[in-house]
$ cat work-v8.txt   # compact mmCIF, all heavy atoms
# COMPACT_ATOMS: atom_id res chain seq x y z
N MET A 191 0.84 -1.18 0.00
CA MET A 191 0.00 0.00 0.00
C MET A 191 0.88 1.25 0.00
O MET A 191 1.94 1.26 0.58
CB MET A 191 -0.88 0.02 1.25
CG MET A 191 -1.84 -1.11 1.35
SD MET A 191 -3.16 -0.86 0.18
CE MET A 191 -3.78 -2.51 0.06
N ASP A 192 0.40 2.27 -0.67
CA ASP A 192 1.18 3.49 -0.73
C ASP A 192 0.58 4.57 0.18
O ASP A 192 -0.39 4.34 0.90
CB ASP A 192 1.31 4.00 -2.17
CG ASP A 192 -0.04 4.33 -2.80
OD1 ASP A 192 -1.05 4.41 -2.06
OD2 ASP A 192 -0.08 4.54 -4.02
N GLU A 193 1.19 5.73 0.16
CA GLU A 193 0.76 6.85 1.02
C GLU A 193 -0.69 7.25 0.75
O GLU A 193 -1.42 7.58 1.69
CB GLU A 193 1.69 8.05 0.79
CG GLU A 193 1.48 9.18 1.77
CD GLU A 193 2.01 8.88 3.16
OE1 GLU A 193 2.93 8.06 3.28
OE2 GLU A 193 1.48 9.48 4.11
N ASP A 194 -1.10 7.19 -0.50
CA ASP A 194 -2.48 7.53 -0.83
C ASP A 194 -3.47 6.58 -0.18
O ASP A 194 -4.55 7.00 0.28
CB ASP A 194 -2.69 7.55 -2.34
CG ASP A 194 -1.97 8.71 -3.01
OD1 ASP A 194 -1.77 9.75 -2.34
OD2 ASP A 194 -1.60 8.57 -4.19
N ASP A 195 -3.10 5.30 -0.11
CA ASP A 195 -3.98 4.32 0.54
C ASP A 195 -4.08 4.60 2.04
O ASP A 195 -5.17 4.51 2.62
CB ASP A 195 -3.46 2.90 0.32
CG ASP A 195 -3.57 2.47 -1.13
OD1 ASP A 195 -4.48 2.96 -1.83
OD2 ASP A 195 -2.74 1.64 -1.55
N ALA A 196 -2.96 4.95 2.65
CA ALA A 196 -2.97 5.28 4.08
C ALA A 196 -3.79 6.53 4.31
O ALA A 196 -4.55 6.61 5.28
CB ALA A 196 -1.55 5.46 4.60
N ASP A 197 -3.65 7.51 3.43
CA ASP A 197 -4.44 8.74 3.56
C ASP A 197 -5.93 8.45 3.39
O ASP A 197 -6.76 9.04 4.08
CB ASP A 197 -3.99 9.79 2.55
CG ASP A 197 -2.62 10.37 2.91
OD1 ASP A 197 -2.22 10.28 4.08
OD2 ASP A 197 -1.97 10.92 2.00
N ALA A 198 -6.28 7.55 2.49
CA ALA A 198 -7.68 7.19 2.30
C ALA A 198 -8.22 6.49 3.55
O ALA A 198 -9.36 6.75 3.97
CB ALA A 198 -7.83 6.28 1.08
N ALA A 199 -7.41 5.64 4.15
CA ALA A 199 -7.83 4.96 5.38
C ALA A 199 -7.99 5.97 6.51
O ALA A 199 -8.92 5.88 7.30
CB ALA A 199 -6.81 3.89 5.76
N LEU A 200 -7.09 6.95 6.57
CA LEU A 200 -7.21 8.01 7.57
C LEU A 200 -8.48 8.80 7.36
O LEU A 200 -9.22 9.08 8.31
CB LEU A 200 -6.00 8.94 7.52
CG LEU A 200 -6.09 10.18 8.42
CD1 LEU A 200 -6.21 9.79 9.88
CD2 LEU A 200 -4.89 11.08 8.19
N GLN A 201 -8.77 9.14 6.12
CA GLN A 201 -9.98 9.90 5.83
C GLN A 201 -11.22 9.12 6.25
O GLN A 201 -12.15 9.67 6.83
CB GLN A 201 -10.07 10.26 4.35
CG GLN A 201 -11.25 11.14 4.03
CD GLN A 201 -11.24 12.46 4.77
OE1 GLN A 201 -10.23 13.13 4.84
NE2 GLN A 201 -12.36 12.82 5.35
N ALA A 202 -11.20 7.83 6.00
CA ALA A 202 -12.33 6.99 6.41
C ALA A 202 -12.48 6.99 7.93
O ALA A 202 -13.58 7.07 8.46
CB ALA A 202 -12.14 5.57 5.89
N ALA A 203 -11.35 6.93 8.62
CA ALA A 203 -11.40 6.95 10.09
C ALA A 203 -11.90 8.30 10.60
O ALA A 203 -12.65 8.36 11.58
CB ALA A 203 -10.01 6.65 10.66
N LEU A 204 -11.49 9.37 9.94
CA LEU A 204 -11.91 10.69 10.38
C LEU A 204 -13.41 10.91 10.16
O LEU A 204 -14.03 11.72 10.85
CB LEU A 204 -11.13 11.77 9.64
CG LEU A 204 -9.65 11.85 9.96
CD1 LEU A 204 -8.98 12.90 9.09
CD2 LEU A 204 -9.41 12.15 11.43
N ASP A 205 -13.97 10.21 9.21
CA ASP A 205 -15.40 10.34 8.93
C ASP A 205 -16.25 9.63 9.97
O ASP A 205 -17.45 9.83 10.03
CB ASP A 205 -15.72 9.79 7.54
CG ASP A 205 -15.17 10.67 6.44
OD1 ASP A 205 -14.90 11.86 6.70
OD2 ASP A 205 -15.01 10.17 5.31
N GLN A 206 -15.65 8.82 10.78
CA GLN A 206 -16.39 8.05 11.76
C GLN A 206 -16.83 8.93 12.93
O GLN A 206 -16.15 9.87 13.33
CB GLN A 206 -15.53 6.90 12.30
CG GLN A 206 -15.10 5.91 11.24
CD GLN A 206 -16.29 5.23 10.58
OE1 GLN A 206 -17.23 4.83 11.25
NE2 GLN A 206 -16.24 5.11 9.27
N PRO A 207 -17.97 8.63 13.48
CA PRO A 207 -18.45 9.38 14.65
C PRO A 207 -17.48 9.31 15.83
O PRO A 207 -17.43 10.23 16.64
CB PRO A 207 -19.77 8.69 15.01
CG PRO A 207 -20.21 8.04 13.75
CD PRO A 207 -18.95 7.67 13.01
N ALA A 208 -16.68 8.26 15.89
CA ALA A 208 -15.72 8.14 16.98
C ALA A 208 -14.74 9.31 16.98
O ALA A 208 -14.34 9.80 18.04
CB ALA A 208 -14.95 6.83 16.88
N PHE A 209 -14.36 9.78 15.80
CA PHE A 209 -13.44 10.91 15.75
C PHE A 209 -14.09 12.15 16.36
O PHE A 209 -13.46 12.86 17.15
CB PHE A 209 -13.00 11.21 14.31
CG PHE A 209 -12.16 12.45 14.22
CD1 PHE A 209 -10.87 12.47 14.72
CD2 PHE A 209 -12.68 13.61 13.67
CE1 PHE A 209 -10.11 13.62 14.66
CE2 PHE A 209 -11.92 14.76 13.60
CZ PHE A 209 -10.63 14.77 14.10
N ALA A 210 -15.34 12.38 16.02
CA ALA A 210 -16.04 13.54 16.58
C ALA A 210 -16.17 13.42 18.09
O ALA A 210 -15.95 14.40 18.82
CB ALA A 210 -17.42 13.67 15.94
N THR A 211 -16.48 12.24 18.55
CA THR A 211 -16.62 12.02 19.99
C THR A 211 -15.30 12.23 20.71
O THR A 211 -15.24 12.91 21.73
CB THR A 211 -17.14 10.59 20.25
OG1 THR A 211 -18.38 10.43 19.60
CG2 THR A 211 -17.29 10.32 21.73
N ARG A 212 -14.23 11.65 20.17
CA ARG A 212 -12.91 11.79 20.80
C ARG A 212 -12.41 13.22 20.76
O ARG A 212 -11.80 13.70 21.70
CB ARG A 212 -11.91 10.85 20.13
CG ARG A 212 -12.19 9.40 20.41
CD ARG A 212 -11.25 8.51 19.66
NE ARG A 212 -11.60 7.11 19.90
CZ ARG A 212 -11.21 6.12 19.12
NH1 ARG A 212 -10.47 6.36 18.06
NH2 ARG A 212 -11.56 4.89 19.40
N SER A 213 -12.67 13.90 19.66
CA SER A 213 -12.24 15.29 19.55
C SER A 213 -13.00 16.17 20.54
O SER A 213 -12.41 17.04 21.19
CB SER A 213 -12.47 15.82 18.13
OG SER A 213 -11.65 15.12 17.23
N ALA A 214 -14.29 15.95 20.64
CA ALA A 214 -15.09 16.73 21.60
C ALA A 214 -14.62 16.49 23.02
O ALA A 214 -14.50 17.43 23.81
CB ALA A 214 -16.56 16.37 21.46
N ALA A 215 -14.31 15.25 23.34
CA ALA A 215 -13.81 14.93 24.67
C ALA A 215 -12.46 15.60 24.93
O ALA A 215 -12.22 16.14 26.01
CB ALA A 215 -13.68 13.42 24.85
N ALA A 216 -11.60 15.59 23.90
CA ALA A 216 -10.28 16.22 24.05
C ALA A 216 -10.41 17.73 24.25
O ALA A 216 -9.70 18.32 25.07
CB ALA A 216 -9.41 15.92 22.83
N LEU A 217 -11.31 18.35 23.51
CA LEU A 217 -11.49 19.79 23.63
C LEU A 217 -12.17 20.19 24.93
O LEU A 217 -11.85 21.22 25.51
CB LEU A 217 -12.30 20.32 22.44
CG LEU A 217 -11.56 20.36 21.12
CD1 LEU A 217 -12.53 20.65 19.99
CD2 LEU A 217 -10.44 21.40 21.14
N SER A 218 -13.11 19.38 25.38
CA SER A 218 -13.86 19.76 26.58
C SER A 218 -13.15 19.40 27.87
O SER A 218 -13.58 19.83 28.93
CB SER A 218 -15.25 19.11 26.56
OG SER A 218 -15.14 17.71 26.66
N SER A 219 -12.07 18.66 27.79
CA SER A 219 -11.37 18.25 29.00
C SER A 219 -10.40 19.31 29.52
O SER A 219 -9.74 19.10 30.53
CB SER A 219 -10.62 16.94 28.76
OG SER A 219 -9.59 17.13 27.80
N THR A 220 -10.33 20.45 28.84
CA THR A 220 -9.47 21.53 29.28
C THR A 220 -10.08 22.87 28.90
O THR A 220 -10.80 22.96 27.91
CB THR A 220 -8.04 21.41 28.68
OG1 THR A 220 -7.24 22.47 29.16
CG2 THR A 220 -8.05 21.43 27.18
N LEU A 221 -9.80 23.89 29.68
CA LEU A 221 -10.26 25.23 29.35
C LEU A 221 -9.27 25.95 28.44
O LEU A 221 -9.59 26.99 27.86
CB LEU A 221 -10.48 26.04 30.62
CG LEU A 221 -11.59 25.54 31.54
CD1 LEU A 221 -11.65 26.39 32.80
CD2 LEU A 221 -12.92 25.57 30.82
N ASP A 222 -8.07 25.40 28.32
CA ASP A 222 -7.02 25.99 27.49
C ASP A 222 -7.20 25.53 26.04
O ASP A 222 -7.05 24.35 25.73
CB ASP A 222 -5.65 25.56 28.03
CG ASP A 222 -4.48 26.17 27.28
OD1 ASP A 222 -4.69 26.87 26.28
OD2 ASP A 222 -3.34 25.95 27.72
N ALA A 223 -7.53 26.45 25.16
CA ALA A 223 -7.79 26.10 23.76
C ALA A 223 -6.58 25.47 23.08
O ALA A 223 -6.72 24.51 22.32
CB ALA A 223 -8.23 27.33 22.98
N VAL A 224 -5.40 25.98 23.36
CA VAL A 224 -4.19 25.43 22.74
C VAL A 224 -3.97 23.99 23.18
O VAL A 224 -3.69 23.10 22.37
CB VAL A 224 -2.96 26.31 23.05
CG1 VAL A 224 -1.68 25.67 22.56
CG2 VAL A 224 -3.13 27.69 22.43
N GLU A 225 -4.13 23.74 24.47
CA GLU A 225 -3.98 22.37 24.96
C GLU A 225 -5.06 21.47 24.38
O GLU A 225 -4.81 20.32 24.03
CB GLU A 225 -4.04 22.33 26.49
CG GLU A 225 -3.90 20.94 27.08
CD GLU A 225 -2.63 20.20 26.68
OE1 GLU A 225 -1.60 20.83 26.38
OE2 GLU A 225 -2.67 18.94 26.65
N GLY A 226 -6.27 21.98 24.23
CA GLY A 226 -7.34 21.20 23.61
C GLY A 226 -6.99 20.80 22.19
O GLY A 226 -7.21 19.66 21.78
N LEU A 227 -6.43 21.73 21.44
CA LEU A 227 -6.03 21.43 20.06
C LEU A 227 -4.88 20.43 20.03
O LEU A 227 -4.82 19.57 19.14
CB LEU A 227 -5.67 22.71 19.32
CG LEU A 227 -6.85 23.63 19.04
CD1 LEU A 227 -6.38 24.94 18.43
CD2 LEU A 227 -7.87 22.95 18.15
N ARG A 228 -3.97 20.52 20.98
CA ARG A 228 -2.89 19.53 21.06
C ARG A 228 -3.47 18.14 21.28
O ARG A 228 -3.02 17.16 20.69
CB ARG A 228 -1.93 19.87 22.20
CG ARG A 228 -1.00 20.99 21.89
CD ARG A 228 0.03 21.18 23.01
NE ARG A 228 0.82 22.35 22.75
CZ ARG A 228 0.92 23.39 23.55
NH1 ARG A 228 0.31 23.39 24.72
NH2 ARG A 228 1.66 24.43 23.22
N ARG A 229 -4.48 18.07 22.14
CA ARG A 229 -5.10 16.78 22.42
C ARG A 229 -5.82 16.24 21.19
O ARG A 229 -5.76 15.04 20.91
CB ARG A 229 -6.07 16.92 23.60
CG ARG A 229 -5.33 17.19 24.89
CD ARG A 229 -6.27 17.42 26.05
NE ARG A 229 -5.52 17.81 27.24
CZ ARG A 229 -6.06 17.95 28.43
NH1 ARG A 229 -7.35 17.76 28.61
NH2 ARG A 229 -5.31 18.30 29.46
N VAL A 230 -6.47 17.10 20.44
CA VAL A 230 -7.11 16.66 19.20
C VAL A 230 -6.05 16.17 18.21
O VAL A 230 -6.26 15.15 17.54
CB VAL A 230 -7.96 17.79 18.58
CG1 VAL A 230 -8.43 17.42 17.18
CG2 VAL A 230 -9.15 18.11 19.47
N CYS A 231 -4.92 16.84 18.15
CA CYS A 231 -3.83 16.39 17.27
C CYS A 231 -3.35 15.00 17.67
O CYS A 231 -3.05 14.17 16.81
CB CYS A 231 -2.68 17.39 17.28
SG CYS A 231 -3.07 18.91 16.40
N ARG A 232 -3.28 14.75 18.97
CA ARG A 232 -2.87 13.42 19.42
C ARG A 232 -3.91 12.37 19.01
O ARG A 232 -3.55 11.26 18.60
CB ARG A 232 -2.64 13.41 20.93
CG ARG A 232 -1.34 14.10 21.33
CD ARG A 232 -0.97 13.81 22.78
NE ARG A 232 -1.84 14.48 23.73
CZ ARG A 232 -1.62 15.67 24.27
NH1 ARG A 232 -0.56 16.35 23.94
NH2 ARG A 232 -2.48 16.17 25.14
N VAL A 233 -5.19 12.72 19.09
CA VAL A 233 -6.24 11.81 18.64
C VAL A 233 -6.05 11.52 17.16
O VAL A 233 -6.10 10.35 16.73
CB VAL A 233 -7.65 12.42 18.89
CG1 VAL A 233 -8.73 11.65 18.16
CG2 VAL A 233 -7.95 12.49 20.39
N MET A 234 -5.81 12.55 16.36
CA MET A 234 -5.61 12.36 14.92
C MET A 234 -4.38 11.50 14.64
O MET A 234 -4.41 10.64 13.74
CB MET A 234 -5.48 13.72 14.23
CG MET A 234 -6.77 14.49 14.23
SD MET A 234 -6.60 16.14 13.52
CE MET A 234 -6.25 15.70 11.82
N THR A 235 -3.31 11.72 15.39
CA THR A 235 -2.10 10.93 15.19
C THR A 235 -2.35 9.47 15.48
O THR A 235 -1.94 8.59 14.71
CB THR A 235 -0.96 11.47 16.09
OG1 THR A 235 -0.69 12.81 15.72
CG2 THR A 235 0.29 10.63 15.96
N ARG A 236 -3.06 9.19 16.58
CA ARG A 236 -3.36 7.79 16.90
C ARG A 236 -4.24 7.16 15.83
O ARG A 236 -4.01 6.01 15.43
CB ARG A 236 -4.03 7.70 18.27
CG ARG A 236 -3.06 7.88 19.43
CD ARG A 236 -3.68 7.49 20.76
NE ARG A 236 -4.80 8.35 21.12
CZ ARG A 236 -4.71 9.46 21.85
NH1 ARG A 236 -3.54 9.86 22.30
NH2 ARG A 236 -5.79 10.17 22.13
N LEU A 237 -5.22 7.90 15.34
CA LEU A 237 -6.07 7.36 14.27
C LEU A 237 -5.27 7.09 13.01
O LEU A 237 -5.47 6.09 12.33
CB LEU A 237 -7.22 8.31 13.98
CG LEU A 237 -8.33 8.37 15.03
CD1 LEU A 237 -9.32 9.47 14.69
CD2 LEU A 237 -9.04 7.02 15.13
N ARG A 238 -4.35 8.00 12.69
CA ARG A 238 -3.53 7.81 11.49
C ARG A 238 -2.64 6.58 11.64
O ARG A 238 -2.48 5.80 10.72
CB ARG A 238 -2.68 9.04 11.22
CG ARG A 238 -1.90 8.91 9.91
CD ARG A 238 -1.14 10.18 9.59
NE ARG A 238 -0.70 10.25 8.23
CZ ARG A 238 0.33 9.58 7.73
NH1 ARG A 238 1.02 8.77 8.49
NH2 ARG A 238 0.68 9.71 6.46
N GLN A 239 -2.06 6.40 12.83
CA GLN A 239 -1.22 5.24 13.06
C GLN A 239 -2.01 3.95 12.93
O GLN A 239 -1.55 2.98 12.34
CB GLN A 239 -0.55 5.33 14.43
CG GLN A 239 0.50 6.40 14.50
CD GLN A 239 0.99 6.68 15.91
OE1 GLN A 239 0.32 6.36 16.89
NE2 GLN A 239 2.15 7.30 16.01
N ARG A 240 -3.22 3.94 13.49
CA ARG A 240 -4.06 2.75 13.39
C ARG A 240 -4.46 2.48 11.95
O ARG A 240 -4.46 1.34 11.49
CB ARG A 240 -5.30 2.90 14.26
CG ARG A 240 -4.99 2.83 15.73
CD ARG A 240 -6.23 3.03 16.56
NE ARG A 240 -5.87 3.12 17.96
CZ ARG A 240 -6.63 3.67 18.88
NH1 ARG A 240 -7.81 4.17 18.56
NH2 ARG A 240 -6.23 3.72 20.13
N ALA A 241 -4.81 3.53 11.22
CA ALA A 241 -5.20 3.37 9.82
C ALA A 241 -4.02 2.86 9.01
O ALA A 241 -4.18 1.96 8.16
CB ALA A 241 -5.71 4.69 9.26
N ALA A 242 -2.84 3.40 9.26
CA ALA A 242 -1.65 2.96 8.54
C ALA A 242 -1.35 1.49 8.84
O ALA A 242 -0.98 0.73 7.95
CB ALA A 242 -0.45 3.83 8.90
N ALA A 243 -1.53 1.09 10.09
CA ALA A 243 -1.29 -0.31 10.45
C ALA A 243 -2.28 -1.22 9.75
O ALA A 243 -1.93 -2.33 9.33
CB ALA A 243 -1.38 -0.47 11.96
N LEU A 244 -3.51 -0.76 9.58
CA LEU A 244 -4.52 -1.58 8.92
C LEU A 244 -4.21 -1.82 7.46
O LEU A 244 -4.55 -2.87 6.92
CB LEU A 244 -5.90 -0.93 9.05
CG LEU A 244 -6.52 -0.98 10.44
CD1 LEU A 244 -7.80 -0.15 10.46
CD2 LEU A 244 -6.80 -2.42 10.85
N VAL A 245 -3.57 -0.84 6.80
CA VAL A 245 -3.26 -1.01 5.39
C VAL A 245 -1.82 -1.47 5.17
O VAL A 245 -1.36 -1.54 4.05
CB VAL A 245 -3.56 0.27 4.58
CG1 VAL A 245 -5.03 0.59 4.60
CG2 VAL A 245 -2.72 1.43 5.05
N GLY A 246 -1.12 -1.74 6.27
CA GLY A 246 0.25 -2.24 6.16
C GLY A 246 1.27 -1.17 5.88
O GLY A 246 2.37 -1.46 5.43
N HIS A 247 0.93 0.07 6.12
CA HIS A 247 1.83 1.20 5.90
C HIS A 247 2.53 1.50 7.22
O HIS A 247 1.88 1.75 8.22
CB HIS A 247 1.02 2.40 5.43
CG HIS A 247 1.85 3.58 5.05
ND1 HIS A 247 2.50 3.64 3.84
CD2 HIS A 247 2.13 4.71 5.70
CE1 HIS A 247 3.15 4.79 3.77
NE2 HIS A 247 2.92 5.45 4.90
N THR A 248 3.86 1.48 7.24
CA THR A 248 4.58 1.59 8.50
C THR A 248 5.00 3.00 8.87
O THR A 248 5.28 3.28 10.01
CB THR A 248 5.84 0.69 8.51
OG1 THR A 248 6.65 1.08 7.40
CG2 THR A 248 5.43 -0.77 8.40
N SER A 249 5.05 3.90 7.93
CA SER A 249 5.48 5.27 8.23
C SER A 249 4.38 6.02 8.95
O SER A 249 3.22 5.92 8.63
CB SER A 249 5.82 6.02 6.94
OG SER A 249 6.12 7.35 7.23
N THR A 250 4.77 6.82 9.99
CA THR A 250 3.80 7.63 10.72
C THR A 250 4.06 9.10 10.51
O THR A 250 3.53 9.93 11.21
CB THR A 250 3.84 7.31 12.23
OG1 THR A 250 5.16 7.53 12.71
CG2 THR A 250 3.38 5.89 12.48
N SER A 251 4.89 9.44 9.55
CA SER A 251 5.19 10.86 9.31
C SER A 251 4.21 11.48 8.34
O SER A 251 3.47 10.84 7.68
CB SER A 251 6.60 11.01 8.77
OG SER A 251 6.74 10.30 7.56
$ encode --input "work-v8.txt" --output "structure tokens"
Amino acid sequence: MDEDDADAALQAALDQPAFATRSAAALSSTLDAVEGLRRVCRVMTRLRQRAAALVGHTSTS
């Protein structure tokens, strides 16, 4: 699988309600907007890593 396949898997994961739920939880768990966005970025990174693992793509950059 190539980078486009991993990106497609990431997009599919981002479309899931779980992403919205996790992002809302990350944002609402702090009053600091910057920290909330950092937490959302961590959620996105974990989703990307999982999506990449599902398609056999090992790079997380």
$ atom_distance --input "work-v8.txt" --atom1 "atom CA of Met234 of chain A" --atom2 "atom CA of Arg212 of chain A"
9.4 Å
$ atom_distance --input "work-v8.txt" --atom1 "atom CA of Ala208 of chain A" --atom2 "atom CA of Glu225 of chain A"
20.1 Å
$ atom_distance --input "work-v8.txt" --atom1 "atom CA of Thr220 of chain A" --atom2 "atom CA of Ala199 of chain A"
29.1 Å
$ select_by_dssp --input "work-v8.txt" --residues "chain A" --states "helix (DSSP H, G or I)" --output "PyMOL selection string"
chain A and resi 193-204+207-218+223-244
$ closest_residue --input "work-v8.txt" --among "A:Ala210, A:Ala216, A:Ala223, A:Ala196" --to "Arg238 of chain A" --atoms "all atoms listed in the file"
A:Ala196
$ closest_residue --input "work-v8.txt" --among "A:Leu200, A:Glu193, A:Ser219, A:Val224" --to "Leu237 of chain A" --atoms "all atoms listed in the file"
A:Leu200
